[in-house]
>>> print(open('start-v2.txt').read())   # compact mmCIF, C-alpha atoms
# COMPACT_ATOMS: atom_id res chain seq x y z
CA MET A 1 0.00 0.00 0.00
CA LEU A 2 2.73 2.50 0.97
CA ASN A 3 4.80 1.55 -2.07
CA TYR A 4 1.80 2.29 -4.26
CA ILE A 5 1.27 5.71 -2.64
CA PHE A 6 4.96 6.67 -2.87
CA ARG A 7 5.05 5.62 -6.52
CA ARG A 8 2.03 7.79 -7.29
CA ILE A 9 3.57 10.78 -5.43
CA PHE A 10 6.85 10.34 -7.36
CA ILE A 11 5.01 10.39 -10.69
CA ALA A 12 2.90 13.39 -9.58
CA PHE A 13 6.06 15.41 -8.83
CA PHE A 14 7.32 15.18 -12.41
CA MET A 15 3.83 15.76 -13.74
CA MET A 16 3.73 19.00 -11.73
CA ILE A 17 6.91 20.21 -13.46
CA GLY A 18 5.39 19.39 -16.82
CA ILE A 19 2.21 21.29 -15.93
CA GLY A 20 4.26 24.38 -15.10
CA ILE A 21 6.03 24.26 -18.46
CA VAL A 22 2.84 23.65 -20.43
CA SER A 23 0.98 26.41 -18.54
CA PHE A 24 3.63 28.98 -19.41
CA ILE A 25 3.77 27.88 -23.05
CA VAL A 26 -0.02 28.11 -23.38
CA ILE A 27 -0.25 31.64 -21.98
CA LYS A 28 2.60 32.81 -24.24
CA LEU A 29 1.08 31.36 -27.43
CA PRO A 30 -1.34 34.22 -28.23
CA PRO A 31 0.36 37.18 -29.96
CA GLY A 32 1.07 40.24 -27.84
CA ASP A 33 1.20 40.76 -24.10
CA TYR A 34 -0.14 43.17 -21.49
CA ALA A 35 2.00 45.96 -22.94
CA THR A 36 0.23 45.44 -26.28
CA THR A 37 -3.14 45.74 -24.54
CA TYR A 38 -1.96 48.87 -22.74
CA GLU A 39 -0.73 50.35 -26.00
CA GLY A 40 -4.17 49.87 -27.57
CA TYR A 41 -5.77 51.43 -24.50
CA LEU A 42 -3.59 54.56 -24.81
CA ILE A 43 -4.36 54.93 -28.51
CA ALA A 44 -8.09 54.62 -27.78
CA ARG A 45 -7.70 57.43 -25.23
CA GLY A 46 -6.20 59.74 -27.86
CA ALA A 47 -2.42 59.12 -27.56
CA THR A 48 -0.29 59.04 -30.67
CA GLN A 49 1.07 55.76 -31.97
CA GLU A 50 4.63 56.83 -31.14
CA ASP A 51 3.84 57.79 -27.54
CA ALA A 52 1.77 54.64 -26.98
CA THR A 53 4.55 52.42 -28.36
CA ARG A 54 7.14 54.16 -26.19
CA ALA A 55 4.99 53.64 -23.07
CA ALA A 56 4.44 49.99 -23.97
CA ASN A 57 8.18 49.40 -24.42
CA ILE A 58 8.85 50.96 -21.01
CA ILE A 59 6.42 48.46 -19.44
CA ARG A 60 8.12 45.57 -21.26
CA GLN A 61 11.54 46.61 -19.97
CA GLN A 62 10.27 47.31 -16.44
CA TYR A 63 8.62 43.91 -16.00
CA GLY A 64 10.96 41.82 -18.12
CA LEU A 65 8.47 41.11 -20.91
CA ASP A 66 11.20 41.76 -23.47
CA LYS A 67 13.33 38.88 -22.15
CA PRO A 68 13.36 35.44 -23.82
CA GLU A 69 10.44 33.20 -22.83
CA ALA A 70 12.74 30.62 -21.24
CA GLU A 71 14.27 33.26 -18.97
CA GLN A 72 10.83 34.58 -18.02
CA PHE A 73 9.70 31.04 -17.14
CA ILE A 74 12.77 30.34 -14.99
CA GLU A 75 12.34 33.59 -13.07
CA TRP A 76 8.63 32.86 -12.56
CA ILE A 77 9.24 29.35 -11.21
CA LYS A 78 12.17 30.57 -9.10
CA GLY A 79 9.95 33.20 -7.49
CA ILE A 80 7.28 30.61 -6.67
CA VAL A 81 9.70 28.08 -5.19
CA THR A 82 12.05 30.42 -3.28
CA GLU A 83 9.83 33.33 -2.30
CA GLY A 84 6.29 32.04 -2.73
CA LYS A 85 5.57 34.84 -5.22
CA PHE A 86 3.59 34.12 -8.37
CA GLY A 87 4.63 37.25 -10.23
CA TYR A 88 3.26 40.75 -10.61
CA SER A 89 -0.19 41.60 -11.98
CA PHE A 90 0.11 44.45 -14.44
CA ALA A 91 -3.62 45.21 -14.53
CA TYR A 92 -4.19 45.18 -10.75
CA GLY A 93 -0.80 46.51 -9.69
CA LYS A 94 -0.47 43.77 -7.05
CA ASP A 95 1.39 40.55 -6.43
CA VAL A 96 -0.53 37.69 -8.03
CA GLY A 97 -0.31 35.67 -4.82
CA VAL A 98 -2.15 38.43 -2.97
CA LEU A 99 -4.93 38.50 -5.57
CA ILE A 100 -5.34 34.73 -5.46
CA ALA A 101 -5.27 34.67 -1.65
CA GLU A 102 -8.07 37.26 -1.56
CA ARG A 103 -10.36 35.21 -3.78
CA ILE A 104 -9.47 31.57 -3.25
CA PRO A 105 -11.22 30.96 0.15
CA MET A 106 -14.72 31.79 -1.15
CA THR A 107 -13.98 30.14 -4.50
CA LEU A 108 -12.95 26.88 -2.82
CA LEU A 109 -15.94 27.06 -0.46
CA ILE A 110 -18.35 27.43 -3.38
CA ALA A 111 -16.60 24.70 -5.41
CA ILE A 112 -16.51 22.20 -2.53
CA LEU A 113 -20.13 22.82 -1.51
CA ALA A 114 -21.34 22.58 -5.12
CA HIS A 115 -19.34 19.37 -5.52
CA ALA A 116 -20.76 17.90 -2.31
CA ILE A 117 -24.30 18.71 -3.40
CA SER A 118 -23.81 17.26 -6.88
CA THR A 119 -22.18 14.08 -5.56
CA VAL A 120 -24.57 13.31 -2.69
CA VAL A 121 -27.73 14.17 -4.63
CA GLY A 122 -26.54 12.66 -7.90
CA VAL A 123 -25.34 9.36 -6.41
CA GLY A 124 -28.47 9.12 -4.27
CA LEU A 125 -30.72 9.62 -7.29
CA GLY A 126 -28.68 7.08 -9.27
CA ILE A 127 -29.17 4.47 -6.53
CA TYR A 128 -32.89 5.31 -6.44
CA VAL A 129 -33.63 5.05 -10.18
CA ALA A 130 -31.39 2.09 -11.09
CA PRO A 131 -33.66 -0.60 -9.54
CA ARG A 132 -36.61 1.13 -11.25
CA LYS A 133 -35.16 0.78 -14.75
CA TYR A 134 -37.47 2.23 -17.44
CA GLY A 135 -40.10 2.96 -14.82
CA PHE A 136 -41.90 6.27 -14.37
CA ALA A 137 -39.31 7.70 -11.92
CA ASP A 138 -36.41 6.59 -14.12
CA ASN A 139 -37.89 8.24 -17.23
CA VAL A 140 -38.73 11.47 -15.39
CA TRP A 141 -35.23 11.84 -13.95
CA ALA A 142 -33.69 10.94 -17.31
CA ILE A 143 -35.53 13.89 -18.88
CA ILE A 144 -34.55 16.20 -16.03
CA SER A 145 -30.88 15.17 -16.26
CA PHE A 146 -30.91 15.78 -20.02
CA ILE A 147 -32.26 19.29 -19.47
CA LEU A 148 -29.77 20.05 -16.70
CA THR A 149 -26.80 19.05 -18.85
CA SER A 150 -28.09 20.85 -21.96
CA VAL A 151 -29.05 24.30 -20.66
CA PRO A 152 -26.01 26.67 -20.60
CA ARG A 153 -25.01 27.89 -17.15
CA PHE A 154 -24.95 31.52 -18.19
CA SER A 155 -28.60 31.26 -19.32
CA LEU A 156 -29.60 29.90 -15.92
CA ALA A 157 -27.53 32.62 -14.26
CA ILE A 158 -29.32 35.36 -16.23
CA ILE A 159 -32.71 33.89 -15.29
CA VAL A 160 -31.74 33.67 -11.61
CA LEU A 161 -30.32 37.20 -11.70
CA TYR A 162 -33.60 38.51 -13.13
CA ILE A 163 -35.59 36.75 -10.39
CA LEU A 164 -33.29 38.05 -7.64
CA VAL A 165 -33.26 41.67 -8.81
CA ILE A 166 -36.70 42.16 -10.36
CA ASP A 167 -38.93 39.76 -8.43
CA LEU A 168 -37.25 39.31 -5.06
CA LYS A 169 -35.68 42.81 -4.93
CA GLN A 170 -32.56 41.32 -3.34
CA PRO A 171 -29.78 43.91 -2.83
CA SER A 172 -26.04 43.23 -2.99
CA VAL A 173 -26.36 40.52 -5.64
CA SER A 174 -22.75 41.01 -6.75
CA SER A 175 -21.33 40.46 -3.27
CA PHE A 176 -20.96 37.59 -0.85
CA PHE A 177 -22.45 39.62 2.02
CA SER A 178 -24.92 42.38 2.72
CA PRO A 179 -23.31 45.79 3.42
CA GLN A 180 -23.71 45.48 7.19
CA PHE A 181 -21.78 42.17 7.24
CA VAL A 182 -18.90 43.00 4.87
CA PHE A 183 -16.50 44.17 7.61
CA ALA A 184 -18.23 42.44 10.54
CA GLY A 185 -16.69 39.46 12.33
CA TRP A 186 -17.91 35.96 11.70
CA SER A 187 -21.18 35.04 13.38
CA PHE A 188 -24.16 32.81 12.75
CA ALA A 189 -26.03 35.75 11.21
CA LYS A 190 -23.13 36.44 8.83
CA VAL A 191 -23.00 32.77 7.76
CA VAL A 192 -26.74 32.81 7.06
CA ASP A 193 -26.34 36.04 5.09
CA MET A 194 -23.48 34.49 3.08
CA PHE A 195 -25.59 31.49 2.05
CA GLN A 196 -28.40 33.84 1.04
CA HIS A 197 -25.96 35.34 -1.46
CA ILE A 198 -24.11 32.26 -2.75
CA TRP A 199 -27.01 29.83 -3.18
CA PRO A 200 -27.51 30.77 -6.87
CA VAL A 201 -23.90 29.80 -7.66
CA LEU A 202 -24.19 26.57 -5.66
CA LEU A 203 -27.43 25.68 -7.41
CA ILE A 204 -26.31 26.42 -10.96
CA ALA A 205 -22.75 25.04 -10.63
CA GLY A 206 -24.02 21.86 -8.98
CA LEU A 207 -26.92 21.06 -11.34
CA GLY A 208 -24.78 19.67 -14.14
CA GLY A 209 -22.82 17.57 -11.65
CA VAL A 210 -26.04 16.12 -10.21
CA ALA A 211 -27.15 14.98 -13.65
CA ARG A 212 -23.76 13.54 -14.52
CA ASN A 213 -23.34 11.63 -11.24
CA MET A 214 -26.89 10.28 -11.44
CA ARG A 215 -26.40 8.89 -14.94
CA VAL A 216 -23.00 7.36 -14.15
CA MET A 217 -24.22 5.80 -10.90
CA ARG A 218 -27.36 4.46 -12.58
CA GLY A 219 -25.36 2.83 -15.40
CA ASN A 220 -22.74 1.33 -13.08
CA LEU A 221 -25.32 0.03 -10.65
CA LEU A 222 -27.35 -1.61 -13.42
CA ASP A 223 -24.22 -3.42 -14.60
CA VAL A 224 -23.43 -4.61 -11.09
CA LEU A 225 -27.00 -5.70 -10.36
CA GLY A 226 -26.72 -8.19 -13.22
CA SER A 227 -23.60 -9.83 -11.75
CA GLN A 228 -23.62 -13.41 -10.48
CA TYR A 229 -22.63 -12.55 -6.92
CA VAL A 230 -25.65 -10.23 -6.68
CA GLN A 231 -27.91 -13.05 -7.88
CA THR A 232 -26.29 -15.32 -5.28
CA ALA A 233 -26.98 -12.77 -2.54
CA ARG A 234 -30.62 -12.62 -3.61
CA SER A 235 -30.89 -16.39 -3.68
CA LYS A 236 -29.80 -16.45 -0.04
CA GLY A 237 -32.96 -14.57 0.84
CA LEU A 238 -31.37 -11.21 1.63
CA ARG A 239 -33.60 -8.15 1.45
CA GLU A 240 -33.35 -6.18 -1.80
CA ASN A 241 -32.17 -3.03 0.00
CA THR A 242 -29.39 -5.03 1.67
CA VAL A 243 -28.34 -6.54 -1.66
CA ILE A 244 -28.22 -3.11 -3.31
CA LEU A 245 -26.60 -1.05 -0.55
CA LYS A 246 -24.19 -3.64 0.88
CA HIS A 247 -23.18 -5.71 -2.13
CA ALA A 248 -23.89 -3.74 -5.31
CA VAL A 249 -23.30 -0.07 -4.46
CA PRO A 250 -19.66 -0.40 -3.22
CA ASN A 251 -18.62 -1.99 -6.53
CA ALA A 252 -20.56 0.57 -8.54
CA LEU A 253 -18.75 3.48 -6.90
CA HIS A 254 -15.39 2.97 -8.65
CA THR A 255 -16.10 5.36 -11.51
CA ILE A 256 -17.60 7.96 -9.17
CA VAL A 257 -14.54 7.84 -6.90
CA ALA A 258 -12.15 8.09 -9.86
CA TYR A 259 -14.11 11.11 -11.13
CA GLN A 260 -13.48 12.95 -7.87
CA GLY A 261 -9.88 13.45 -8.97
CA THR A 262 -10.88 15.90 -11.70
CA VAL A 263 -14.05 17.37 -10.26
CA LEU A 264 -12.62 20.24 -8.17
CA PRO A 265 -11.04 22.11 -11.10
CA TYR A 266 -14.26 21.39 -13.01
CA MET A 267 -16.25 23.04 -10.22
CA LEU A 268 -13.81 25.96 -10.09
CA ALA A 269 -14.36 26.48 -13.81
CA GLY A 270 -18.07 25.72 -13.48
CA GLU A 271 -18.67 28.82 -11.39
CA LEU A 272 -16.95 31.01 -14.01
CA GLU A 273 -20.01 31.89 -16.08
CA VAL A 274 -22.26 32.30 -13.04
CA ALA A 275 -19.72 34.48 -11.22
CA ILE A 276 -19.29 36.71 -14.29
CA VAL A 277 -23.05 37.17 -14.71
CA LEU A 278 -23.60 37.83 -11.00
CA GLY A 279 -20.40 39.89 -10.66
CA LEU A 280 -18.96 37.82 -7.81
CA PRO A 281 -15.24 38.26 -6.96
CA THR A 282 -14.01 34.68 -7.42
CA LEU A 283 -11.09 33.12 -9.29
CA GLY A 284 -13.17 32.48 -12.41
CA PRO A 285 -13.68 36.13 -13.46
CA LEU A 286 -10.07 36.89 -12.43
CA PHE A 287 -8.83 34.18 -14.78
CA TYR A 288 -11.04 35.41 -17.62
CA GLU A 289 -9.91 39.04 -17.23
CA ALA A 290 -6.26 37.95 -17.12
CA LEU A 291 -6.61 36.07 -20.41
CA VAL A 292 -8.33 39.04 -22.05
CA ASN A 293 -5.76 41.57 -20.77
CA GLY A 294 -2.70 39.40 -21.40
CA ASP A 295 -1.87 39.42 -17.68
CA ILE A 296 0.37 36.38 -18.04
CA TYR A 297 1.33 35.79 -14.41
CA ILE A 298 -2.29 35.62 -13.22
CA SER A 299 -3.38 33.27 -16.01
CA GLY A 300 -0.23 31.16 -15.71
CA SER A 301 -0.50 30.88 -11.94
CA LEU A 302 -4.16 29.88 -12.10
CA LEU A 303 -3.45 27.30 -14.80
CA LEU A 304 -0.71 25.93 -12.57
CA ILE A 305 -3.04 25.85 -9.55
CA TYR A 306 -5.77 24.07 -11.54
CA GLY A 307 -3.25 21.54 -12.78
CA VAL A 308 -1.91 20.89 -9.28
CA LEU A 309 -5.47 20.43 -8.02
CA ILE A 310 -6.09 17.84 -10.73
CA LEU A 311 -2.89 16.01 -9.73
CA LEU A 312 -3.74 16.05 -6.02
CA GLY A 313 -7.32 15.03 -6.74
CA ASN A 314 -6.21 12.09 -8.88
CA LEU A 315 -3.69 11.07 -6.23
CA LEU A 316 -6.36 11.07 -3.51
CA ALA A 317 -8.80 9.27 -5.81
CA ASP A 318 -6.22 6.55 -6.52
CA ILE A 319 -5.61 6.11 -2.79
CA PHE A 320 -9.33 5.85 -2.04
CA LEU A 321 -9.78 3.40 -4.92
CA SER A 322 -6.96 1.24 -3.62
CA ILE A 323 -8.71 1.16 -0.23
CA LEU A 324 -12.08 0.42 -1.84
CA ASP A 325 -10.64 -2.28 -4.13
CA PRO A 326 -7.24 -3.72 -3.04
CA ARG A 327 -6.71 -5.21 -6.53
CA ILE A 328 -6.04 -1.70 -7.90
CA ARG A 329 -2.86 -1.14 -5.89
CA TYR A 330 -1.23 -4.15 -7.59
CA SER A 331 -2.20 -3.25 -11.14
>>> encode(input="start-v2.txt", output="structure tokens")
Amino acid sequence: MLNYIFRRIFIAFFMMIGIGIVSFIVIKLPPGDYATTYEGYLIARGATQEDATRAANIIRQQYGLDKPEAEQFIEWIKGIVTEGKFGYSFAYGKDVGVLIAERIPMTLLIAILAHAISTVVGVGLGIYVAPRKYGFADNVWAIISFILTSVPRFSLAIIVLYILVIDLKQPSVSSFFSPQFVFAGWSFAKVVDMFQHIWPVLLIAGLGGVARNMRVMRGNLLDVLGSQYVQTARSKGLRENTVILKHAVPNALHTIVAYQGTVLPYMLAGELEVAIVLGLPTLGPLFYEALVNGDIYISGSLLLIYGVLILLGNLLADIFLSILDPRIRYS
């Protein structure tokens, strides 16, 4: 067991280095940089081409954007490893680590809660509809899951925003708290107020996950229910609920557990459209703005963080799978 874990950690280390290289290459592929964006901004404000180009070149020299890409990458990684600094944000005028630290707690909270809702509800519904194959409940939930996976998140976000603002007259939609709780210490009232503001994101980001988990769990459980050992358990006179929950469900969970390794970055990206529509200060809109503005250290750092989360998630999923099914650790 320990050898299996150490082997997976060893592989993950080299994968992390590869993710850093690929992240930097990806963000440098589009033509131009932040200085190019700034140059266009100055021209739009009435500056001459010569003055705008001169100002852009000053920015490139000041922040090292005129250096070779390999040198920029080495300095970026060196700053992360030795000083814990992810670079400087040109648009915000702050260290990227500070920007991420300001937004990541609420982003992770939303992502984890949305993931928990989608997993618990989705798996529960999958267990419920599988024994009722092609029945009324199965057909109804199949239609609902199709709708949930087909409707774009931003459309749902616009509908929810309209209901909140026009029908419910809810203030402070683009904030996590009401004005009186923004600078107040944590209390039960502040937690309640926070959930009153983030429930639209939890609902919309989790809906697609509910549908996906339900369909996967239903399909896996139907396969397992046709196995010989399940028929043997039934022939022994065990109750159907015991056969399903004790014998069939554990073996149908493998795909769900493996999926947990990639789900957190998916949830972090899943709140992107909703957060943009509602104007919430999370990592999603920050990532989008960085890509638009050519703010390479924000976009590169977030790509690196997402990649590391995928690695850690897959590592934990492999460990849980090896506990759930000991045969996996020897494969």
>>> residues_around(input="start-v2.txt", residues="stretch 230-245 of chain A", least_positions_apart="6", cutoff="9 Å", atoms="all atoms listed in the file", output="PDB file with C-alpha atoms, keeping the file's coordinate frame")
ATOM      1  CA  ILE A 127     -29.170   4.470  -6.530  1.00  0.00           C
ATOM      2  CA  PRO A 131     -33.660  -0.600  -9.540  1.00  0.00           C
ATOM      3  CA  LEU A 221     -25.320   0.030 -10.650  1.00  0.00           C
ATOM      4  CA  VAL A 224     -23.430  -4.610 -11.090  1.00  0.00           C
TER       5      VAL A 224
END
>>> residues_around(input="start-v2.txt", residues="stretch 11-14 of chain A", least_positions_apart="4", cutoff="7 Å", atoms="all atoms listed in the file", output="VMD selection string")
chain A and resid 7 18 311
>>> residues_around(input="start-v2.txt", residues="stretch 52-61 of chain A", least_positions_apart="2", cutoff="8 Å", atoms="only C-alpha atoms", output="PyMOL selection string")
chain A and resi 35-36+38-40+42-43+47-50+63-66
>>> residues_around(input="start-v2.txt", residues="stretch 139-144 of chain A", least_positions_apart="5", cutoff="8 Å", atoms="all atoms listed in the file", output="list in words")
Val129, Tyr134, Ala211 and Arg215 of chain A
>>> write_last_selection(input="start-v2.txt", atoms="C-alpha atoms", output="mmCIF file, in the coordinates of the input")
data_model
loop_
_atom_site.group_PDB
_atom_site.id
_atom_site.type_symbol
_atom_site.label_atom_id
_atom_site.label_comp_id
_atom_site.auth_asym_id
_atom_site.auth_seq_id
_atom_site.Cartn_x
_atom_site.Cartn_y
_atom_site.Cartn_z
ATOM 1 C CA VAL A 129 -33.630 5.050 -10.180
ATOM 2 C CA TYR A 134 -37.470 2.230 -17.440
ATOM 3 C CA ALA A 211 -27.150 14.980 -13.650
ATOM 4 C CA ARG A 215 -26.400 8.890 -14.940
#
>>> residues_near_point(input="start-v2.txt", point="(-20.4, 1.9, -4.4)", cutoff="10 Å", atoms="only C-alpha atoms", output="PyMOL selection string")
chain A and resi 123+127+217+220-221+224+244-257+324
>>> atom_distance(input="start-v2.txt", atom1="atom CA of A:Val121", atom2="atom CA of A:Gly209")
9.2 Å
>>> residues_near_point(input="start-v2.txt", point="(-1.1, 30.0, -22.4)", cutoff="10 Å", atoms="all atoms listed in the file", output="ChimeraX atom specification")
/A:21-30,291,294,296,299-300,303
>>> closest_residue(input="start-v2.txt", among="A:Val96, A:Leu280, A:Met15, A:Val274", to="A:Ile80", atoms="only C-alpha atoms")
A:Val96
>>> atom_distance(input="start-v2.txt", atom1="atom CA of A:Val210", atom2="atom CA of A:Asp167")
27.0 Å
>>> closest_residue(input="start-v2.txt", among="A:Pro200, A:Gly185, A:Gly126, A:Pro171", to="A:Ala275", atoms="only C-alpha atoms")
A:Pro200
>>> closest_residue(input="start-v2.txt", among="A:Glu75, A:Glu102, A:Asp223, A:Asp138", to="A:Tyr297", atoms="all atoms listed in the file")
A:Glu75
>>> closest_residue(input="start-v2.txt", among="A:Gly219, A:His115, A:Leu161, A:Trp186", to="A:Tyr128", atoms="all atoms listed in the file")
A:Gly219
>>> atom_distance(input="start-v2.txt", atom1="atom CA of A:Tyr288", atom2="atom CA of A:Thr119")
26.9 Å
>>> closest_residue(input="start-v2.txt", among="A:Gly20, A:Pro285, A:Gly313, A:Gly208", to="A:Ile117", atoms="only C-alpha atoms")
A:Gly208
>>> closest_residue(input="start-v2.txt", among="A:Ile9, A:Thr107, A:Gly97, A:Lys169", to="A:Gly79", atoms="all atoms listed in the file")
A:Gly97
